[in-house]
Every structure is written in structure tokens, then in C-alpha cells.
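Asks: My questions will all concern the structure given below.
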Amino acid sequence: MFLLGNKIKIIVVLVLVAMVLFYAWREKRRMLAITPTQKWLNAAGSILLATNHGDFRLQGGRRKSWTELQKTKKMLDEYWGITDHNSARSEMEHLIDYGMRSQYAREMEKLNRTGMGKLTMRQLWELEKKKNPSASEDSYLPRMVEAYRLHGRNALLGWDVGRAAYILQACHYVGYLSQKETMELGVKAGKMAQSYFNCWDDLLESYMLGFQFWNEDDIGHPDSRSYQRNLIRRRVQDGNYCIPTPFDIVPWNAPLSADDI
């Protein structure tokens with residue numbers, strides 16, 4: 001009985017070891033299931049991907065399920081007006097070529113014409129405090145004007161590219177765009193970002209600036225949507241969402257190819 005008991009223990013240990021090794025092998029295969037270019041797009045769209053509880057080891061962060069498919073279709077319709085191939089292609093091309101950075105440029109130029117765009121940061125801050133006594137240098141007006149002075153319309157390039165990287169793959173997931181179309185448009189957006197920004201942090205900062213522009217709030221205020229979204233950004237960057245982080249998996253200047261499928 002003693003020997004039999006030891007044999008059972010050994011078998012249990014071997015089974016557990018085999019299960020651990022199988023799990024590690026399966027996770028590695030899942031990690032290798034998407035290409036370097038797709039991993040780059042996941043990293044570029046990381047804030048949206050994490051917001052939607054996606055898995056960085058999957059294309060677009062999505063698992064194949066009927067429920068997820070319906071949820072994604074609903075999201076594309078409600079937020080983007082995308083319901084088929086033509087609307088998907090049109091919206092994504094406009095996002096990549098113009099995006100919200102065009103609207104941003106128009107609004108900042110309007111401020112310049114009124115003279116507000118020439119005010120100092122301190123003066124802009126004081127204007128914000130008249131509307132919101134708790135305003136800071138992280139408030140809407142000072143941040144938007146300062147960013148435009150430094151980068152022009154490209155201050156929001158990361159916002160447009162980050163959304164494109166995620167939404168393009170969502171369009172492919174539901175069948176509105178082919179894999180080839182998704183990769184071609186994704187690579188176009190990615191190369192634009194790589195040619196302007198120097199690193200992942202630059203792109204993420206630009207993404208958050210765009211999110212703040214959209215919400216017109218104070219990213220430093222804990223009750224603001226921008227503050228809450230920035231917490232997600234920090235979780236992803238610091239490795240609190242997943243390890244390794246998407247930025248550790250693929251380098252910023254990784255070669256991007258539409259044929260990388």
C-alpha cells in the first residue's frame with residue numbers, strides 16, 4: 001500500500017507538470033498566432049483594446065464568439081456608423097487621412113484668429129479657472145493650445161492612429177473588411193505614426209491628448225473621463241494589465257508590412 005501510494009503521488013505530480021507545460025506551450029502558440037505587424041497594431045490601439053478587455057495575444061484583442069461578434073457590430077454602428085463594407089472603408093480612410101486632428105486644427109486656428117491662441121499658458125489657465133475654479137495646467141484649453149504650438153495638427157495624430165489600429169481590426173473581425181484591406185490601411189496609419197513620433201510613449205501621449213480634446217475636460221481631475229482613461233493607459237504601460245506589455249513585445253520602429261499576414 002505504501003508503494004502504491006507513492007506511485008499515485010508521482011503520477012499526480014507528473015500530470016500536474018504536464019498540464020503546466022501544456023499551458024505554457026498553448027500560451028506561446030497563441031502569442032505566435034499573430035504577426036509582428038498585427039502585434040504593432042495591437043500596441044498602437046492598446047488603450048482602446050484594454051478598455052474593451054481585449055487580449056493582446058489575439059488579432060484586435062478579440063476571441064471568436066457569437067456574443068463578441070454581436071457586441072462588436074453594435075459598437076461599430078453606434079460609435080462609427082459602420083454597418084457594412086462601404087461604410088467601414090469610408091470611415092477608416094477618413095480617419096487615417098483626416099481624423100479628429102483636422103477638426104482640432106480648425107478649432108485651434110479659430111482661437112489664433114481671436115487672439116486667444118497667443119495668450120501665455122498662465123493667461124489660458126486663468127481663463128479656464130473662470131469656468132472651473134479647480135482648473136489646472138492639465139485643463140482643456142492650456143493643454144490644447146500648447147500642443148498645437150508644438151506639433152500643429154499632428155498633436156492628435158496618435159489619437160487617430162490609435163483608434164484606427166483598433167477599429168480596423170474590429171471591422172475585419174465582423175467581416176466588413178478583408179484581411180488585406182485591414183493590413184494595408186493599418187500599415188498606412190502605422191507608418192505615418194512612425195515617421196512623426198519617436199517612441200510608443202509619444203504615440204500614447206498624443207492619444208490621450210485626443211481623448212481629452214474629444215471630452216473637453218481636465219485630465220488631472222480624478223472625476224474626469226480623461227483621468228480615468230489615463231489610468232488604463234498607465235496600467236497597460238506599467239505591466240499591470242498584462243506581462244509582457246505590448247510595447248515590450250514589439251519595438252516601436254518594427255518594420256510594418258501589409259503582406260505580414
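Residues are referred to by chain and number: the chain letter is A, B, ... according to the order shown in the C-alpha cells, the number counts from 1 in that chain, and ligands are numbered separately from 1 in the order shown.
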Show me a table, sorted first by chain and then by increasing residue number, of the residues of range 163-219 of chain A having an atom at most 7 Å from range 79-98 of chain A, each with its shortest atom pair and the distance in Å to one decimal, counting only C-alpha atoms and written as CSV.
Replies:
residue,atom,partner,partner_atom,distance
A:Ala164,CA,A:Met92,CA,6.6
A:Leu168,CA,A:Met92,CA,6.9
A:Cys171,CA,A:Ala88,CA,6.6
A:Tyr176,CA,A:His85,CA,4.5
A:Leu177,CA,A:His85,CA,5.9
A:Ala189,CA,A:Ile96,CA,6.0
Asks: Dump C-alpha atoms for the selected residues as an mmCIF file, in the first residue's frame?
Replies:
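out_14.cif, freshly written:
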data_model
loop_
_atom_site.group_PDB
_atom_site.id
_atom_site.type_symbol
_atom_site.label_atom_id
_atom_site.label_comp_id
_atom_site.auth_asym_id
_atom_site.auth_seq_id
_atom_site.Cartn_x
_atom_site.Cartn_y
_atom_site.Cartn_z
ATOM 1 C CA ALA A 164 -7.607 53.234 -36.486
ATOM 2 C CA LEU A 168 -9.769 48.483 -38.431
ATOM 3 C CA CYS A 171 -14.112 45.816 -38.924
ATOM 4 C CA TYR A 176 -16.713 44.276 -43.094
ATOM 5 C CA LEU A 177 -13.087 44.489 -44.264
ATOM 6 C CA ALA A 189 -1.585 54.550 -40.414
#
Asks: Using DSSP secondary structure from the backbone, list all alpha helix (DSSP H) positions within range 7-212 of chain A, as a PyMOL selection string.
Replies: chain A and resi 7-32+36-44+46-51+66-80+85-97+99-114+121-131+140-151+157-173+179-196+200-212
Asks: Please save C-alpha atoms of the selected residues as a short mmCIF file (atom, residue, chain, number, x, y, z; two decimals), in the first residue's frame.
Replies:
data_model
loop_
_atom_site.label_atom_id
_atom_site.label_comp_id
_atom_site.auth_asym_id
_atom_site.auth_seq_id
_atom_site.Cartn_x
_atom_site.Cartn_y
_atom_site.Cartn_z
CA LYS A 7 3.25 5.77 -7.24
CA ILE A 8 -0.05 7.64 -7.18
CA LYS A 9 1.69 10.73 -5.83
CA ILE A 10 4.32 10.52 -8.56
CA ILE A 11 1.64 10.13 -11.23
CA VAL A 12 -0.27 13.14 -9.87
CA VAL A 13 2.91 15.25 -9.88
CA LEU A 14 3.73 14.19 -13.45
CA VAL A 15 0.21 15.01 -14.57
CA LEU A 16 0.42 18.46 -12.98
CA VAL A 17 3.81 19.11 -14.59
CA ALA A 18 2.42 18.01 -17.95
CA MET A 19 -0.55 20.35 -17.53
CA VAL A 20 1.73 23.28 -16.71
CA LEU A 21 3.95 22.55 -19.72
CA PHE A 22 0.92 22.20 -21.98
CA TYR A 23 -0.48 25.52 -20.75
CA ALA A 24 2.85 27.27 -21.38
CA TRP A 25 3.06 25.72 -24.86
CA ARG A 26 -0.51 26.74 -25.66
CA GLU A 27 0.08 30.31 -24.48
CA LYS A 28 3.24 30.54 -26.59
CA ARG A 29 1.37 29.31 -29.66
CA ARG A 30 -1.38 31.85 -29.03
CA MET A 31 1.27 34.54 -28.72
CA LEU A 32 2.78 33.48 -32.04
CA PRO A 36 4.70 41.29 -35.84
CA THR A 37 2.67 43.87 -37.78
CA GLN A 38 -0.53 42.78 -36.08
CA LYS A 39 1.23 42.96 -32.71
CA TRP A 40 2.32 46.51 -33.57
CA LEU A 41 -1.29 47.45 -34.37
CA ASN A 42 -2.43 45.94 -31.06
CA ALA A 43 0.17 48.02 -29.24
CA ALA A 44 -0.87 51.19 -31.12
CA SER A 46 -3.60 49.34 -26.72
CA ILE A 47 -5.64 51.84 -24.70
CA LEU A 48 -8.85 51.03 -26.57
CA LEU A 49 -8.03 47.33 -26.56
CA ALA A 50 -7.55 47.32 -22.79
CA THR A 51 -10.64 49.48 -22.26
CA TRP A 66 -21.15 34.91 -31.40
CA THR A 67 -21.65 37.19 -28.39
CA GLU A 68 -18.43 39.12 -29.07
CA LEU A 69 -19.34 39.39 -32.75
CA GLN A 70 -22.71 40.97 -32.00
CA LYS A 71 -21.21 43.29 -29.39
CA THR A 72 -18.57 44.46 -31.87
CA LYS A 73 -21.15 45.08 -34.61
CA LYS A 74 -23.22 47.16 -32.18
CA MET A 75 -20.16 49.19 -31.16
CA LEU A 76 -19.20 49.91 -34.78
CA ASP A 77 -22.74 51.02 -35.62
CA GLU A 78 -23.32 53.20 -32.54
CA TYR A 79 -19.93 54.94 -32.39
CA TRP A 80 -18.85 54.99 -36.04
CA HIS A 85 -18.01 47.18 -46.21
CA ASN A 86 -18.56 50.58 -47.82
CA SER A 87 -19.13 52.46 -44.57
CA ALA A 88 -16.16 50.68 -42.95
CA ARG A 89 -13.84 51.57 -45.81
CA SER A 90 -15.06 55.17 -45.96
CA GLU A 91 -14.83 55.80 -42.20
CA MET A 92 -11.39 54.24 -41.83
CA GLU A 93 -9.91 56.07 -44.83
CA HIS A 94 -11.25 59.37 -43.48
CA LEU A 95 -9.92 58.60 -40.01
CA ILE A 96 -6.43 57.89 -41.33
CA ASP A 97 -6.27 60.76 -43.82
CA GLY A 99 -9.37 62.19 -38.45
CA MET A 100 -10.10 64.40 -35.48
CA ARG A 101 -6.79 66.20 -36.00
CA SER A 102 -8.44 68.18 -38.81
CA GLN A 103 -11.22 69.39 -36.51
CA TYR A 104 -8.61 70.15 -33.87
CA ALA A 105 -6.60 72.26 -36.31
CA ARG A 106 -9.69 74.24 -37.31
CA GLU A 107 -10.58 74.99 -33.70
CA MET A 108 -7.04 75.99 -32.76
CA GLU A 109 -6.75 78.29 -35.78
CA LYS A 110 -10.04 79.88 -34.77
CA LEU A 111 -8.53 80.58 -31.35
CA ASN A 112 -5.49 82.12 -33.03
CA ARG A 113 -7.71 84.44 -35.05
CA THR A 114 -9.43 85.65 -31.89
CA MET A 121 -0.08 79.42 -20.51
CA ARG A 122 -0.73 81.33 -17.32
CA GLN A 123 -3.34 83.52 -19.03
CA LEU A 124 -5.02 80.46 -20.55
CA TRP A 125 -5.09 78.81 -17.16
CA GLU A 126 -6.73 81.88 -15.62
CA LEU A 127 -9.40 81.81 -18.33
CA GLU A 128 -10.14 78.17 -17.51
CA LYS A 129 -10.39 78.98 -13.80
CA LYS A 130 -13.21 81.44 -14.51
CA LYS A 131 -15.29 78.50 -15.76
CA TYR A 140 -8.52 71.58 -21.67
CA LEU A 141 -7.56 75.00 -23.04
CA PRO A 142 -3.93 75.23 -21.84
CA ARG A 143 -3.12 71.69 -22.99
CA MET A 144 -4.75 72.03 -26.40
CA VAL A 145 -3.13 75.37 -27.23
CA GLU A 146 0.32 74.34 -26.02
CA ALA A 147 0.18 71.09 -28.01
CA TYR A 148 -0.84 72.93 -31.17
CA ARG A 149 2.04 75.37 -30.78
CA LEU A 150 4.47 72.46 -30.57
CA HIS A 151 3.03 69.99 -33.08
CA LEU A 157 -2.04 62.01 -34.81
CA GLY A 158 -1.63 59.35 -32.11
CA TRP A 159 -5.33 59.63 -31.24
CA ASP A 160 -6.35 58.97 -34.83
CA VAL A 161 -3.79 56.21 -35.42
CA GLY A 162 -4.55 54.50 -32.12
CA ARG A 163 -8.26 54.38 -32.93
CA ALA A 164 -7.61 53.23 -36.49
CA ALA A 165 -5.35 50.40 -35.30
CA TYR A 166 -8.15 49.06 -33.12
CA ILE A 167 -11.26 49.82 -35.20
CA LEU A 168 -9.77 48.48 -38.43
CA GLN A 169 -9.30 45.12 -36.80
CA ALA A 170 -12.81 45.25 -35.38
CA CYS A 171 -14.11 45.82 -38.92
CA HIS A 172 -12.19 42.77 -40.10
CA TYR A 173 -13.44 40.72 -37.16
CA GLN A 179 -7.59 40.89 -44.06
CA LYS A 180 -5.73 42.50 -46.96
CA GLU A 181 -7.66 45.79 -46.65
CA THR A 182 -7.19 45.82 -42.88
CA MET A 183 -3.45 45.35 -43.14
CA GLU A 184 -2.98 47.86 -45.96
CA LEU A 185 -4.85 50.60 -44.08
CA GLY A 186 -3.26 49.64 -40.77
CA VAL A 187 0.24 49.79 -42.20
CA LYS A 188 -0.51 53.17 -43.80
CA ALA A 189 -1.59 54.55 -40.41
CA GLY A 190 1.33 52.90 -38.61
CA LYS A 191 3.96 54.28 -40.95
CA MET A 192 2.51 57.78 -40.55
CA ALA A 193 2.93 57.46 -36.78
CA GLN A 194 6.42 56.00 -37.04
CA SER A 195 7.51 58.85 -39.31
CA TYR A 196 6.36 61.50 -36.84
CA TRP A 200 5.47 54.39 -28.01
CA ASP A 201 5.20 56.95 -25.23
CA ASP A 202 4.90 59.77 -27.78
CA LEU A 203 2.02 58.00 -29.51
CA LEU A 204 0.22 57.29 -26.22
CA GLU A 205 0.61 60.90 -25.08
CA SER A 206 -0.90 62.03 -28.37
CA TYR A 207 -3.72 59.51 -27.99
CA MET A 208 -4.56 60.87 -24.55
CA LEU A 209 -4.45 64.45 -25.82
CA GLY A 210 -7.00 63.49 -28.47
CA PHE A 211 -9.20 61.82 -25.90
CA GLN A 212 -9.09 64.99 -23.80
#
Asks: Please compute the CA of Phe56 in chain A-CA of Ala258 in chain A distance, one decimal, in Å.
Replies: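 It comes out at 19.3 Å.
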Asks: Nearest residue to Asp218 in chain A out of A:Thr245, A:Gln237, A:Thr35, A:Asn230, using only C-alpha atoms?
Replies: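 Of A:Thr245, A:Gln237, A:Thr35, A:Asn230, the one nearest Asp218 in chain A, counting only C-alpha atoms, is A:Asn230.
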Asks: Between CA of Gly239 in chain A and CA of Arg225 in chain A, measure the distance and give it in Å to one decimal.
Replies: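 About the pair CA of Gly239 in chain A and CA of Arg225 in chain A: they are 21.7 Å apart.
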Asks: Given only C-alpha atoms as the basis, pick out the residue of A:Asn132, A:Asn198, A:Ser139, A:Thr120 nearest to Asn253 in chain A.
Replies: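 Using only C-alpha atoms, the shortest distance to Asn253 in chain A belongs to A:Asn198.
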Asks: Name the closest residue to Leu231 in chain A among the candidates A:Ala33, A:Ile243, A:Ile219, A:Leu119; distances are taken between atoms, counting only C-alpha atoms.
Replies: A:Ile219
Asks: Hey, can you check how far CA of Gly45 in chain A sits from CA of Gln59 in chain A?
Replies: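 Going from CA of Gly45 in chain A over to CA of Gln59 in chain A covers 11.2 Å.
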